[in-house]
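Colleague: Sharing run-v3.cif here; it has mmCIF, C-alpha atoms.
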data_protein
loop_
_atom_site.label_atom_id
_atom_site.label_comp_id
_atom_site.auth_asym_id
_atom_site.auth_seq_id
_atom_site.Cartn_x
_atom_site.Cartn_y
_atom_site.Cartn_z
CA MET A 1 -28.25 -13.64 -18.64
CA SER A 2 -26.15 -12.43 -21.52
CA ASN A 3 -23.51 -14.77 -22.86
CA LYS A 4 -20.90 -12.05 -22.78
CA LEU A 5 -17.63 -12.76 -21.00
CA ARG A 6 -17.66 -11.21 -17.52
CA VAL A 7 -14.49 -9.30 -16.74
CA ALA A 8 -13.27 -7.80 -13.47
CA THR A 9 -10.19 -5.62 -13.03
CA CYS A 10 -8.42 -4.06 -10.07
CA SER A 11 -5.30 -2.12 -9.23
CA LEU A 12 -3.48 -3.29 -6.08
CA ALA A 13 -0.02 -1.79 -5.41
CA GLY A 14 0.07 -0.22 -8.87
CA CYS A 15 -0.28 3.21 -10.41
CA PHE A 16 -3.30 2.60 -12.70
CA GLY A 17 -0.93 2.86 -15.66
CA CYS A 18 -1.96 -0.63 -16.79
CA HIS A 19 -5.61 0.41 -16.68
CA MET A 20 -4.69 3.47 -18.76
CA SER A 21 -2.97 1.16 -21.23
CA LEU A 22 -6.14 -0.96 -21.45
CA LEU A 23 -8.07 2.21 -22.32
CA ASP A 24 -5.36 2.97 -24.85
CA ILE A 25 -6.76 0.29 -27.17
CA ASP A 26 -8.75 3.28 -28.49
CA ASP A 27 -11.78 2.44 -30.64
CA LYS A 28 -11.26 -1.29 -30.11
CA ILE A 29 -12.86 -0.70 -26.75
CA ILE A 30 -16.20 -0.56 -28.62
CA ALA A 31 -15.54 -4.02 -30.07
CA LEU A 32 -14.52 -5.13 -26.58
CA ALA A 33 -17.70 -3.76 -25.03
CA ASP A 34 -19.71 -5.90 -27.51
CA LYS A 35 -17.99 -9.03 -26.25
CA VAL A 36 -17.51 -8.45 -22.55
CA GLU A 37 -19.43 -7.18 -19.58
CA PHE A 38 -17.52 -5.47 -16.82
CA ASP A 39 -18.05 -6.59 -13.26
CA ARG A 40 -16.01 -5.11 -10.40
CA THR A 41 -13.55 -2.63 -11.90
CA PRO A 42 -12.63 1.02 -11.39
CA LEU A 43 -14.37 1.57 -14.76
CA THR A 44 -17.80 0.61 -13.36
CA ASP A 45 -17.11 1.46 -9.72
CA ILE A 46 -18.80 -1.80 -8.69
CA LYS A 47 -17.31 -2.63 -5.29
CA ARG A 48 -18.00 -6.36 -4.87
CA ILE A 49 -16.86 -8.94 -7.36
CA GLY A 50 -19.30 -11.54 -8.73
CA ARG A 51 -18.64 -14.70 -10.72
CA CYS A 52 -16.32 -13.76 -13.59
CA ASP A 53 -14.66 -15.42 -16.55
CA LEU A 54 -11.64 -13.17 -16.51
CA GLY A 55 -9.87 -11.12 -13.85
CA LEU A 56 -7.13 -8.61 -14.75
CA VAL A 57 -4.96 -7.68 -11.78
CA GLU A 58 -2.63 -4.69 -11.89
CA GLY A 59 -0.07 -4.12 -9.13
CA GLY A 60 1.63 -6.32 -6.57
CA VAL A 61 0.52 -6.85 -2.98
CA CYS A 62 1.78 -4.35 -0.41
CA ASN A 63 -0.94 -4.45 2.26
CA ALA A 64 -3.54 -6.70 3.88
CA GLU A 65 -6.36 -5.34 1.71
CA ASN A 66 -4.42 -6.17 -1.47
CA VAL A 67 -4.16 -9.78 -0.30
CA GLU A 68 -7.89 -9.93 0.48
CA VAL A 69 -8.91 -8.43 -2.88
CA LEU A 70 -6.52 -10.73 -4.74
CA ARG A 71 -7.91 -13.83 -3.02
CA GLU A 72 -11.48 -12.65 -3.81
CA PHE A 73 -10.47 -12.27 -7.45
CA ARG A 74 -8.97 -15.76 -7.50
CA ARG A 75 -12.11 -17.26 -5.95
CA HIS A 76 -14.41 -15.54 -8.46
CA CYS A 77 -12.43 -15.61 -11.71
CA THR A 78 -11.98 -18.63 -13.95
CA THR A 79 -8.91 -17.06 -15.56
CA LEU A 80 -6.71 -14.70 -13.56
CA VAL A 81 -4.09 -12.54 -15.26
CA ALA A 82 -1.13 -10.65 -13.77
CA VAL A 83 -1.00 -7.41 -15.74
CA GLY A 84 2.20 -5.37 -15.71
CA ALA A 85 5.59 -5.29 -14.01
CA CYS A 86 4.28 -4.68 -10.46
CA ALA A 87 1.90 -7.66 -10.51
CA ILE A 88 4.68 -9.80 -11.97
CA ASN A 89 7.66 -8.98 -9.74
CA GLY A 90 6.57 -6.20 -7.39
CA GLY A 91 7.87 -3.49 -9.73
CA ILE A 92 8.67 0.00 -8.50
CA PRO A 93 6.82 -0.44 -5.15
CA ALA A 94 9.13 -3.41 -4.44
CA LEU A 95 12.06 -0.97 -4.30
CA ARG A 96 10.95 -0.43 -0.70
CA ASN A 97 11.85 -4.06 0.04
CA HIS A 98 15.36 -2.75 0.56
CA TYR A 99 14.39 -0.95 3.71
CA PRO A 100 12.65 -2.00 6.92
CA LEU A 101 8.99 -0.97 6.90
CA GLN A 102 9.53 1.27 9.92
CA ALA A 103 12.27 3.16 8.06
CA CYS A 104 9.90 3.72 5.09
CA LEU A 105 7.15 5.04 7.38
CA ASP A 106 9.59 7.27 9.27
CA GLU A 107 10.94 8.72 6.04
CA ALA A 108 7.50 9.29 4.50
CA TYR A 109 5.62 10.64 7.53
CA LEU A 110 8.17 11.86 10.09
CA HIS A 111 11.51 12.93 8.68
CA GLY A 112 10.91 13.39 4.94
CA LEU A 113 11.36 16.73 3.19
CA GLY A 114 8.37 19.01 3.51
CA VAL A 115 6.53 16.91 6.11
CA GLU A 116 4.21 19.02 8.26
CA HIS A 117 2.61 17.77 11.51
CA PRO A 118 4.69 14.59 11.45
CA GLN A 119 2.71 11.50 12.49
CA ILE A 120 2.42 7.97 11.15
CA PRO A 121 -1.19 7.37 10.01
CA ASN A 122 -2.88 4.94 12.36
CA ASP A 123 -6.58 4.97 11.50
CA PRO A 124 -8.14 1.50 12.01
CA GLU A 125 -9.72 1.82 8.53
CA LEU A 126 -6.30 1.90 6.88
CA PRO A 127 -5.09 -1.50 5.67
CA LEU A 128 -1.95 -2.68 7.41
CA LEU A 129 1.18 -2.68 5.28
CA LEU A 130 3.04 -5.91 4.63
CA ASN A 131 6.72 -6.03 5.53
CA LYS A 132 7.56 -6.50 1.86
CA VAL A 133 5.86 -5.99 -1.48
CA HIS A 134 5.25 -9.25 -3.33
CA PRO A 135 4.25 -10.29 -6.84
CA ILE A 136 0.74 -11.72 -6.99
CA HIS A 137 1.79 -15.22 -8.07
CA GLU A 138 3.32 -15.64 -4.60
CA VAL A 139 -0.20 -15.39 -3.10
CA VAL A 140 -2.54 -17.06 -5.62
CA ARG A 141 -2.25 -19.17 -8.76
CA ILE A 142 -1.98 -17.06 -11.91
CA ASP A 143 -3.00 -18.27 -15.37
CA HIS A 144 -1.35 -15.66 -17.60
CA PHE A 145 1.26 -12.93 -17.27
CA LEU A 146 1.32 -9.74 -19.35
CA PRO A 147 4.69 -8.06 -18.78
CA GLY A 148 5.45 -4.38 -19.33
CA CYS A 149 5.41 -1.09 -17.46
CA PRO A 150 2.75 -0.89 -18.66
CA PRO A 151 2.05 -3.66 -21.17
CA SER A 152 1.29 -1.85 -24.41
CA ALA A 153 -2.32 -1.50 -25.56
CA GLU A 154 -1.35 -3.75 -28.44
CA THR A 155 -0.13 -6.48 -26.08
CA ILE A 156 -3.31 -6.27 -24.01
CA TRP A 157 -5.46 -6.37 -27.14
CA THR A 158 -3.55 -9.34 -28.60
CA PHE A 159 -4.14 -11.16 -25.33
CA LEU A 160 -7.83 -10.30 -25.09
CA GLU A 161 -8.49 -11.19 -28.72
CA ALA A 162 -6.83 -14.58 -28.34
CA LEU A 163 -8.70 -15.27 -25.13
CA LEU A 164 -12.09 -14.17 -26.52
CA SER A 165 -11.68 -16.36 -29.60
CA GLY A 166 -10.35 -19.33 -27.64
CA GLN A 167 -7.01 -19.25 -29.48
CA PRO A 168 -3.63 -19.84 -27.81
CA VAL A 169 -2.01 -16.59 -26.61
CA GLU A 170 1.02 -15.73 -28.72
CA PHE A 171 2.96 -12.48 -28.65
CA THR A 172 5.29 -11.01 -31.24
CA TYR A 173 8.84 -10.11 -30.14
CA ARG A 174 8.04 -6.45 -29.60
CA GLN A 175 4.97 -7.21 -27.51
CA ILE A 176 7.02 -8.70 -24.67
CA HIS A 177 9.00 -6.08 -22.77
CA TYR A 178 9.63 -5.48 -19.07
CA ASP A 179 9.95 -1.69 -19.10
CA MET B 1 40.88 -31.40 -43.47
CA LEU B 2 38.24 -29.65 -41.37
CA LYS B 3 36.17 -31.62 -38.95
CA HIS B 4 32.38 -31.13 -38.62
CA PHE B 5 29.55 -31.53 -36.20
CA THR B 6 25.89 -30.87 -36.81
CA LEU B 7 23.99 -28.11 -35.00
CA ASP B 8 20.24 -28.76 -35.27
CA GLY B 9 21.03 -30.67 -38.46
CA LYS B 10 23.33 -28.01 -40.01
CA ARG B 11 26.95 -28.97 -40.72
CA ILE B 12 29.33 -26.77 -38.72
CA PRO B 13 33.06 -26.98 -39.49
CA PHE B 14 35.55 -26.55 -36.68
CA ALA B 15 39.29 -26.54 -36.05
CA GLU B 16 40.95 -28.59 -33.34
CA GLY B 17 40.65 -26.86 -29.96
CA GLN B 18 37.48 -24.91 -30.77
CA THR B 19 34.48 -25.20 -28.49
CA ILE B 20 30.96 -25.76 -29.78
CA MET B 21 30.30 -22.05 -29.12
CA ASP B 22 33.45 -20.91 -31.01
CA ALA B 23 32.52 -22.98 -34.05
CA ALA B 24 28.84 -21.92 -33.96
CA MET B 25 29.79 -18.23 -33.68
CA ALA B 26 32.27 -18.55 -36.53
CA ALA B 27 29.54 -20.12 -38.66
CA GLY B 28 27.07 -17.35 -37.77
CA GLU B 29 24.79 -19.64 -35.76
CA TYR B 30 23.29 -18.31 -32.53
CA ILE B 31 23.50 -20.28 -29.30
CA PRO B 32 21.97 -18.22 -26.45
CA HIS B 33 24.65 -17.25 -23.90
CA LEU B 34 25.06 -14.83 -21.04
CA CYS B 35 28.37 -15.26 -19.19
CA HIS B 36 30.23 -15.96 -22.42
CA ASN B 37 32.08 -13.28 -24.33
CA PRO B 38 34.51 -14.47 -27.00
CA GLU B 39 37.10 -11.87 -25.91
CA PHE B 40 37.65 -13.79 -22.67
CA ALA B 41 38.31 -17.33 -21.49
CA PRO B 42 35.01 -19.23 -21.24
CA HIS B 43 33.54 -19.45 -17.77
CA GLY B 44 30.68 -21.92 -18.14
CA SER B 45 28.80 -20.67 -15.09
CA CYS B 46 25.42 -19.38 -16.30
CA ARG B 47 24.52 -22.57 -18.21
CA VAL B 48 22.25 -20.60 -20.55
CA CYS B 49 24.26 -21.98 -23.49
CA THR B 50 23.49 -25.57 -22.51
CA VAL B 51 23.07 -27.72 -25.61
CA LYS B 52 22.72 -31.45 -26.06
CA LEU B 53 25.89 -33.06 -27.38
CA ASN B 54 25.00 -36.55 -28.58
CA GLY B 55 22.07 -36.45 -26.16
CA ARG B 56 24.06 -35.23 -23.17
CA ARG B 57 23.78 -31.69 -21.74
CA VAL B 58 26.96 -29.63 -21.91
CA ALA B 59 27.76 -25.91 -21.80
CA ALA B 60 28.49 -24.97 -25.42
CA CYS B 61 31.04 -22.34 -24.32
CA THR B 62 33.30 -24.85 -22.56
CA ALA B 63 32.63 -28.16 -24.35
CA PRO B 64 35.14 -28.94 -27.11
CA ALA B 65 33.57 -29.61 -30.51
CA LEU B 66 33.60 -33.28 -31.48
CA ASP B 67 33.94 -34.61 -34.97
CA GLY B 68 30.69 -36.16 -36.21
CA ALA B 69 28.72 -35.15 -33.09
CA GLU B 70 25.06 -34.23 -33.16
CA VAL B 71 24.33 -31.04 -31.24
CA GLU B 72 20.81 -29.87 -30.40
CA ASN B 73 20.39 -26.17 -29.66
CA ASP B 74 17.14 -24.52 -30.75
CA THR B 75 14.63 -27.03 -29.36
CA ASP B 76 11.51 -26.45 -27.25
CA GLU B 77 13.02 -28.53 -24.44
CA LEU B 78 16.25 -26.51 -24.23
CA ARG B 79 14.39 -23.22 -24.61
CA ASP B 80 12.16 -24.18 -21.65
CA GLU B 81 15.21 -25.06 -19.56
CA ARG B 82 16.96 -21.81 -20.50
CA ARG B 83 13.85 -19.88 -19.57
CA THR B 84 13.83 -21.55 -16.15
CA LEU B 85 17.50 -20.66 -15.63
CA LEU B 86 16.74 -17.05 -16.53
CA GLN B 87 13.75 -16.98 -14.18
CA LEU B 88 16.03 -18.17 -11.37
CA LEU B 89 18.53 -15.42 -12.17
CA PHE B 90 15.74 -12.84 -12.06
CA ILE B 91 14.40 -13.93 -8.66
CA GLU B 92 17.84 -14.33 -7.12
CA GLY B 93 18.71 -10.62 -7.41
CA ASN B 94 16.61 -7.47 -7.58
CA HIS B 95 15.83 -6.88 -11.23
CA ILE B 96 13.30 -4.07 -11.45
CA CYS B 97 13.54 -3.27 -15.16
CA PRO B 98 11.41 -0.08 -15.17
CA ALA B 99 13.86 1.44 -12.65
CA CYS B 100 17.06 0.39 -14.47
CA ASP B 101 18.86 2.45 -17.08
CA LYS B 102 20.23 -0.72 -18.67
CA SER B 103 16.71 -1.80 -19.64
CA GLY B 104 16.58 -2.37 -23.39
CA ASN B 105 20.37 -2.78 -23.53
CA CYS B 106 20.49 -5.63 -21.02
CA GLN B 107 21.55 -9.09 -22.06
CA LEU B 108 19.72 -10.84 -19.22
CA GLN B 109 16.50 -9.11 -20.22
CA ALA B 110 17.11 -9.70 -23.93
CA LEU B 111 17.64 -13.42 -23.38
CA ALA B 112 14.46 -13.59 -21.33
CA TYR B 113 12.61 -11.92 -24.23
CA TYR B 114 14.25 -14.35 -26.65
CA CYS B 115 13.23 -17.36 -24.56
CA GLY B 116 9.65 -16.09 -24.20
CA MET B 117 9.72 -15.42 -20.45
CA THR B 118 6.59 -13.49 -19.49
CA ALA B 119 7.30 -13.67 -15.73
CA PRO B 120 9.87 -15.05 -13.28
CA GLU B 121 7.33 -17.44 -11.76
CA PHE B 122 9.25 -18.36 -8.61
CA THR B 123 9.25 -16.84 -5.13
CA HIS B 124 11.41 -13.72 -5.14
CA ARG B 125 14.36 -13.53 -2.76
CA TYR B 126 14.55 -9.74 -2.62
CA PRO B 127 18.08 -9.92 -1.18
CA LEU B 128 19.47 -6.87 0.62
CA ARG B 129 22.45 -5.75 -1.41
CA PRO B 130 24.25 -2.41 -1.42
CA LEU B 131 24.81 0.15 -4.14
CA ASP B 132 28.19 1.82 -4.52
CA ALA B 133 28.26 5.25 -6.17
CA SER B 134 31.71 6.24 -4.86
CA HIS B 135 33.43 6.16 -8.27
CA PRO B 136 33.29 9.41 -10.27
CA ASP B 137 32.40 7.64 -13.54
CA PHE B 138 30.47 4.50 -12.55
CA VAL B 139 27.78 3.24 -10.24
CA ILE B 140 27.87 -0.37 -9.19
CA ASP B 141 24.52 -1.81 -8.17
CA PHE B 142 25.05 -5.23 -6.61
CA ASN B 143 21.30 -5.91 -6.82
CA ARG B 144 21.68 -6.58 -10.52
CA CYS B 145 24.92 -8.59 -10.47
CA ILE B 146 24.50 -12.09 -11.91
CA LEU B 147 28.04 -13.25 -11.00
CA CYS B 148 28.98 -13.88 -14.63
CA GLU B 149 32.54 -12.79 -13.77
CA LEU B 150 32.96 -10.86 -17.01
CA CYS B 151 34.26 -7.82 -15.09
CA VAL B 152 36.50 -10.14 -13.07
CA ARG B 153 37.93 -11.67 -16.24
CA ALA B 154 38.22 -8.34 -18.08
CA SER B 155 39.94 -6.57 -15.20
CA ARG B 156 42.36 -9.45 -14.66
CA ASP B 157 43.05 -10.54 -18.25
CA ALA B 158 42.58 -7.35 -20.32
CA ASP B 159 43.35 -4.56 -17.86
CA GLY B 160 45.87 -6.43 -15.68
CA LYS B 161 44.36 -4.89 -12.54
CA SER B 162 42.12 -7.50 -10.88
CA VAL B 163 39.81 -4.84 -9.49
CA PHE B 164 36.99 -7.39 -9.15
CA ALA B 165 36.71 -10.85 -7.60
CA ILE B 166 33.95 -13.15 -6.38
CA HIS B 167 33.90 -13.66 -2.62
CA GLY B 168 31.90 -16.23 -0.67
CA ARG B 169 30.26 -19.43 -1.83
CA GLY B 170 26.81 -20.59 -2.86
CA ILE B 171 24.08 -18.10 -2.06
CA GLN B 172 26.66 -15.97 -0.20
CA ALA B 173 28.74 -15.45 -3.34
CA HIS B 174 29.08 -11.79 -4.23
CA LEU B 175 31.22 -9.41 -6.22
CA ALA B 176 34.05 -7.85 -4.21
CA ILE B 177 36.22 -4.88 -5.12
CA ASP B 178 39.97 -4.68 -4.55
CA SER B 179 40.49 -1.36 -2.78
CA PRO B 180 41.43 -0.36 0.78
CA SER B 181 37.82 0.57 1.61
CA GLY B 182 36.17 -2.05 -0.61
CA LYS B 183 34.56 0.84 -2.51
CA LEU B 184 34.81 1.26 -6.26
CA GLY B 185 35.88 4.90 -5.88
CA ASP B 186 39.09 3.81 -4.10
CA SER B 187 39.91 1.14 -6.68
CA LYS B 188 42.07 1.41 -9.78
CA LEU B 189 39.11 1.16 -12.16
CA HIS B 190 39.48 3.72 -14.95
CA LYS B 191 36.72 4.62 -17.39
CA GLU B 192 38.76 3.39 -20.34
CA ASP B 193 39.22 -0.05 -18.76
CA ARG B 194 37.67 -3.00 -20.55
CA ALA B 195 36.13 -4.10 -17.24
CA ALA B 196 34.20 -0.83 -17.08
CA SER B 197 32.11 -1.55 -20.16
CA VAL B 198 31.85 -5.34 -20.17
CA CYS B 199 28.90 -5.83 -17.80
CA PRO B 200 26.03 -7.53 -19.69
CA VAL B 201 23.44 -6.34 -17.14
CA GLY B 202 22.86 -3.11 -15.20
CA ALA B 203 25.33 -3.84 -12.38
CA ILE B 204 28.15 -1.56 -13.60
CA LEU B 205 26.60 1.53 -15.16
CA PRO B 206 28.31 4.68 -16.42
CA LYS B 207 27.31 7.91 -14.71
CA HIS B 208 26.17 11.09 -16.47
CA THR B 209 24.57 9.28 -19.43
CA GLY B 210 21.28 8.17 -17.88
CA TYR B 211 18.40 7.77 -20.33
CA ALA B 212 20.41 9.37 -23.16
CA VAL B 213 18.64 6.90 -25.47
CA PRO B 214 14.91 6.69 -24.70
CA ILE B 215 13.26 3.41 -23.78
CA GLY B 216 11.74 1.95 -26.94
CA GLU B 217 14.77 2.87 -29.08
CA ARG B 218 17.36 0.68 -27.39
CA LEU B 219 19.34 -2.27 -28.64
CA TYR B 220 16.88 -5.05 -27.86
CA ASP B 221 13.66 -3.04 -28.07
CA ARG B 222 13.19 -3.84 -31.72
CA LYS B 223 15.46 -6.74 -32.54
CA PRO B 224 16.00 -9.99 -30.65
CA ILE B 225 19.45 -10.71 -29.29
CA SER B 226 19.94 -13.45 -31.89
CA VAL B 227 19.89 -10.69 -34.52
CA ALA B 228 21.18 -7.65 -32.59
CA GLY B 229 24.14 -9.49 -31.02
CA ASP B 230 25.69 -9.13 -27.56
CA VAL B 231 25.98 -5.91 -25.55
CA SER B 232 29.75 -6.09 -26.08
CA ASP B 233 29.38 -5.96 -29.87
CA HIS B 234 27.83 -2.50 -29.48
CA ARG B 235 29.90 -0.99 -26.70
CA LYS B 236 31.13 1.96 -28.78
CA ASP B 237 27.57 2.98 -29.72
CA SER B 238 26.09 2.49 -26.27
CA SER B 239 28.75 4.08 -24.07
#
So, in terms of structure tokens, how does the structure I just supplied come out?
Modeller:
Amino acid sequence: MSNKLRVATCSLAGCFGCHMSLLDIDDKIIALADKVEFDRTPLTDIKRIGRCDLGLVEGGVCNAENVEVLREFRRHCTTLVAVGACAINGGIPALRNHYPLQACLDEAYLHGLGVEHPQIPNDPELPLLLNKVHPIHEVVRIDHFLPGCPPSAETIWTFLEALLSGQPVEFTYRQIHYD
Amino acid sequence: MLKHFTLDGKRIPFAEGQTIMDAAMAAGEYIPHLCHNPEFAPHGSCRVCTVKLNGRRVAACTAPALDGAEVENDTDELRDERRTLLQLLFIEGNHICPACDKSGNCQLQALAYYCGMTAPEFTHRYPLRPLDASHPDFVIDFNRCILCELCVRASRDADGKSVFAIHGRGIQAHLAIDSPSGKLGDSKLHKEDRAASVCPVGAILPKHTGYAVPIGERLYDRKPISVAGDVSDHRKDSS
């Protein structure tokens, strides 16, 4: 076994923007690859999560699968981090909390502009939607929060560097933003 | 002869009748505040400006300065409490910063940055509140209203119109508009009114100017509120 930190990442009700921001650390990703090993993440395409030191979760929870994945992450990760506005307060997907779920489905699949063959998807393989979108700290305990839409590459790198070296996480003023 | 109190050990002079906030502002010292705007009578409702006056918590904007008093302001304990108050304000309404044109120019957000809030770590209420776009020059989004009553005070005391009022109590409290239909478009609010540009958050937003200044170049994107000052100090540049 290598003594590299094992890291898992996932995007729940998010847009993968936070993952893009992680990749935006540019050549530091080489330094990162020396120190960490990726477990389940869209970067490796590994589907099942193993024991991990760090889990980075993008997106809030909007369906039953999100809740299941999030709980799996909590069970397997020593440190779990909410990455980005959606994980932290629901973000843009939480704008649907203003409307009943049925109204959202009707608008998207029955009455919306440009809808052809209107029908609400009902395949048993599709995860069931929750009535509301929730931030992840309402479902599991979260150890750190990285705000931003997305958090900048610099913020993510500051966090990872502090965590990898066992130092307390401290951000400069410009590294904390919610937009 | 001027009287003095100490603010985190610094001597602050004050005149009879001044509050702790008045004296601190006059001396160029920053006490975080949200519902306070020196143009209007203090309201004391947000409690973000809570300081310790001789060991006892008071709202700096309403508490009269006391000769010889010791006032604590910038301490870890008070910063933690302010952060909790801000978190509660965030979860009580619907504050989705990436979808709000006030982001970067918002005093609620700026204070949360200043107090080091990385997340509102409580259970979100996600209340159902309306949006009123009936006025030709302004949108009012009740989701973002923090009930600071600055528009209420400005409309009543500066504009002499009383377009706004708070109705209901406790969690039912909400901003109401004085017009036959209850809509902003039927009210007497004019775009030159003080009440129209006093909102510290994104509840009352001007129309036709959306994203004129890009995110990243706004008031609090580069400088903390303790340096950049209140939204009201910049109203000519931002409107």
Colleague: Considering only C-alpha atoms, state which residue in the set A:Ile92, A:Val115, A:Leu160, A:Ala64 is at the smallest distance from His95 in chain B.
Modeller: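 Smallest separation from His95 in chain B among the options: A:Ile92.
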Colleague: Counting only C-alpha atoms, which residues of chain B fall within 9 Å of chain A, and what is the closest atom pair for each with its distance in Å at one decimal, ordered by chain and rising number, as a tab-separated table?
Modeller:
residue	atom	partner	partner_atom	distance
B:Ile91	CA	A:Asn89	CA	8.4
B:Asn94	CA	A:Leu95	CA	8.6
B:His95	CA	A:Asn89	CA	8.6
B:Ile96	CA	A:Gly91	CA	5.7
B:Cys97	CA	A:Asp179	CA	5.6
B:Pro98	CA	A:Asp179	CA	4.5
B:Ala99	CA	A:Ile92	CA	6.8
B:Cys100	CA	A:Asp179	CA	8.7
B:Ser103	CA	A:Asp179	CA	6.8
B:Gly104	CA	A:Asp179	CA	7.9
B:Gln109	CA	A:Tyr178	CA	7.9
B:Ala110	CA	A:His177	CA	9.0
B:Tyr113	CA	A:Ile176	CA	6.5
B:Tyr114	CA	A:Tyr173	CA	7.7
B:Gly116	CA	A:Ile176	CA	7.9
B:Met117	CA	A:Ile176	CA	8.4
B:Thr118	CA	A:Pro147	CA	5.8
B:Ala119	CA	A:Ile88	CA	6.0
B:Pro120	CA	A:Asn89	CA	7.4
B:Glu121	CA	A:His137	CA	7.0
B:Phe122	CA	A:Glu138	CA	7.7
B:Thr123	CA	A:Glu138	CA	6.1
B:His124	CA	A:Asn89	CA	7.6
B:Tyr126	CA	A:Asn97	CA	6.8
B:Pro127	CA	A:His98	CA	7.9
B:Leu128	CA	A:His98	CA	5.8
B:Arg129	CA	A:His98	CA	7.9
B:Ile215	CA	A:Asp179	CA	7.7
B:Gly216	CA	A:Asp179	CA	8.8
B:Asp221	CA	A:Arg174	CA	6.7
B:Arg222	CA	A:Arg174	CA	6.2
B:Lys223	CA	A:Tyr173	CA	7.8
B:Pro224	CA	A:Tyr173	CA	7.2
Colleague: Suppose a student applies the PyMOL selection byres ((chain B and resi 43-49) around 6) to this structure; what residues should they get, written as a list in words?
Modeller: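 This file gives the following for the PyMOL selection byres ((chain B and resi 43-49) around 6): Pro32, His33, Cys35, Pro42, Thr50, Ala59, Ala60, Thr62 and Arg82 of chain B.
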Colleague: Determine, counting all atoms listed in the file, which protein, DNA and RNA residues have an atom within 12 Å of an atom of Phe5 in chain B; residues of the same chain fewer than 4 positions away are not included. Present the result as a VMD selection string.
Modeller: chain B and resid 9 to 15 18 to 21 23 to 24 27 53 to 54 64 to 72
Colleague: Using C-alpha atoms, can you write the selected residues to a file as a PDB file, keeping the file's coordinate frame?
Modeller:
ATOM      1  CA  GLY B   9      21.030 -30.670 -38.460  1.00  0.00           C
ATOM      2  CA  LYS B  10      23.330 -28.010 -40.010  1.00  0.00           C
ATOM      3  CA  ARG B  11      26.950 -28.970 -40.720  1.00  0.00           C
ATOM      4  CA  ILE B  12      29.330 -26.770 -38.720  1.00  0.00           C
ATOM      5  CA  PRO B  13      33.060 -26.980 -39.490  1.00  0.00           C
ATOM      6  CA  PHE B  14      35.550 -26.550 -36.680  1.00  0.00           C
ATOM      7  CA  ALA B  15      39.290 -26.540 -36.050  1.00  0.00           C
ATOM      8  CA  GLN B  18      37.480 -24.910 -30.770  1.00  0.00           C
ATOM      9  CA  THR B  19      34.480 -25.200 -28.490  1.00  0.00           C
ATOM     10  CA  ILE B  20      30.960 -25.760 -29.780  1.00  0.00           C
ATOM     11  CA  MET B  21      30.300 -22.050 -29.120  1.00  0.00           C
ATOM     12  CA  ALA B  23      32.520 -22.980 -34.050  1.00  0.00           C
ATOM     13  CA  ALA B  24      28.840 -21.920 -33.960  1.00  0.00           C
ATOM     14  CA  ALA B  27      29.540 -20.120 -38.660  1.00  0.00           C
ATOM     15  CA  LEU B  53      25.890 -33.060 -27.380  1.00  0.00           C
ATOM     16  CA  ASN B  54      25.000 -36.550 -28.580  1.00  0.00           C
ATOM     17  CA  PRO B  64      35.140 -28.940 -27.110  1.00  0.00           C
ATOM     18  CA  ALA B  65      33.570 -29.610 -30.510  1.00  0.00           C
ATOM     19  CA  LEU B  66      33.600 -33.280 -31.480  1.00  0.00           C
ATOM     20  CA  ASP B  67      33.940 -34.610 -34.970  1.00  0.00           C
ATOM     21  CA  GLY B  68      30.690 -36.160 -36.210  1.00  0.00           C
ATOM     22  CA  ALA B  69      28.720 -35.150 -33.090  1.00  0.00           C
ATOM     23  CA  GLU B  70      25.060 -34.230 -33.160  1.00  0.00           C
ATOM     24  CA  VAL B  71      24.330 -31.040 -31.240  1.00  0.00           C
ATOM     25  CA  GLU B  72      20.810 -29.870 -30.400  1.00  0.00           C
TER      26      GLU B  72
END
Colleague: In terms of the shortest atom-to-atom distance over only C-alpha atoms, which of A:Leu23, A:Ile156, A:Val83, A:Leu164 is closest to Gly60 in chain A?
Modeller: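 Closest residue, counting only C-alpha atoms: A:Val83.
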Colleague: Could you tell me how far CA of Phe16 in chain A sits from CA of Val69 in chain A, in Å to one decimal place?
Modeller: 15.8 Å
Colleague: List the residues selected by the PyMOL selection byres ((chain B and resi 169-184) around 9) in the file shown, writing them as a short mmCIF file (atom, residue, chain, number, x, y, z; two decimals) with C-alpha atoms, in the coordinates of the input.
Modeller:
data_model
loop_
_atom_site.label_atom_id
_atom_site.label_comp_id
_atom_site.auth_asym_id
_atom_site.auth_seq_id
_atom_site.Cartn_x
_atom_site.Cartn_y
_atom_site.Cartn_z
CA GLU B 92 17.84 -14.33 -7.12
CA ASP B 132 28.19 1.82 -4.52
CA ALA B 133 28.26 5.25 -6.17
CA SER B 134 31.71 6.24 -4.86
CA HIS B 135 33.43 6.16 -8.27
CA PHE B 138 30.47 4.50 -12.55
CA VAL B 139 27.78 3.24 -10.24
CA ILE B 140 27.87 -0.37 -9.19
CA PHE B 142 25.05 -5.23 -6.61
CA CYS B 145 24.92 -8.59 -10.47
CA ILE B 146 24.50 -12.09 -11.91
CA LEU B 147 28.04 -13.25 -11.00
CA GLU B 149 32.54 -12.79 -13.77
CA VAL B 152 36.50 -10.14 -13.07
CA SER B 162 42.12 -7.50 -10.88
CA VAL B 163 39.81 -4.84 -9.49
CA PHE B 164 36.99 -7.39 -9.15
CA ALA B 165 36.71 -10.85 -7.60
CA ILE B 166 33.95 -13.15 -6.38
CA HIS B 167 33.90 -13.66 -2.62
CA GLY B 168 31.90 -16.23 -0.67
CA GLY B 185 35.88 4.90 -5.88
CA ASP B 186 39.09 3.81 -4.10
CA SER B 187 39.91 1.14 -6.68
CA LYS B 188 42.07 1.41 -9.78
CA LEU B 189 39.11 1.16 -12.16
#
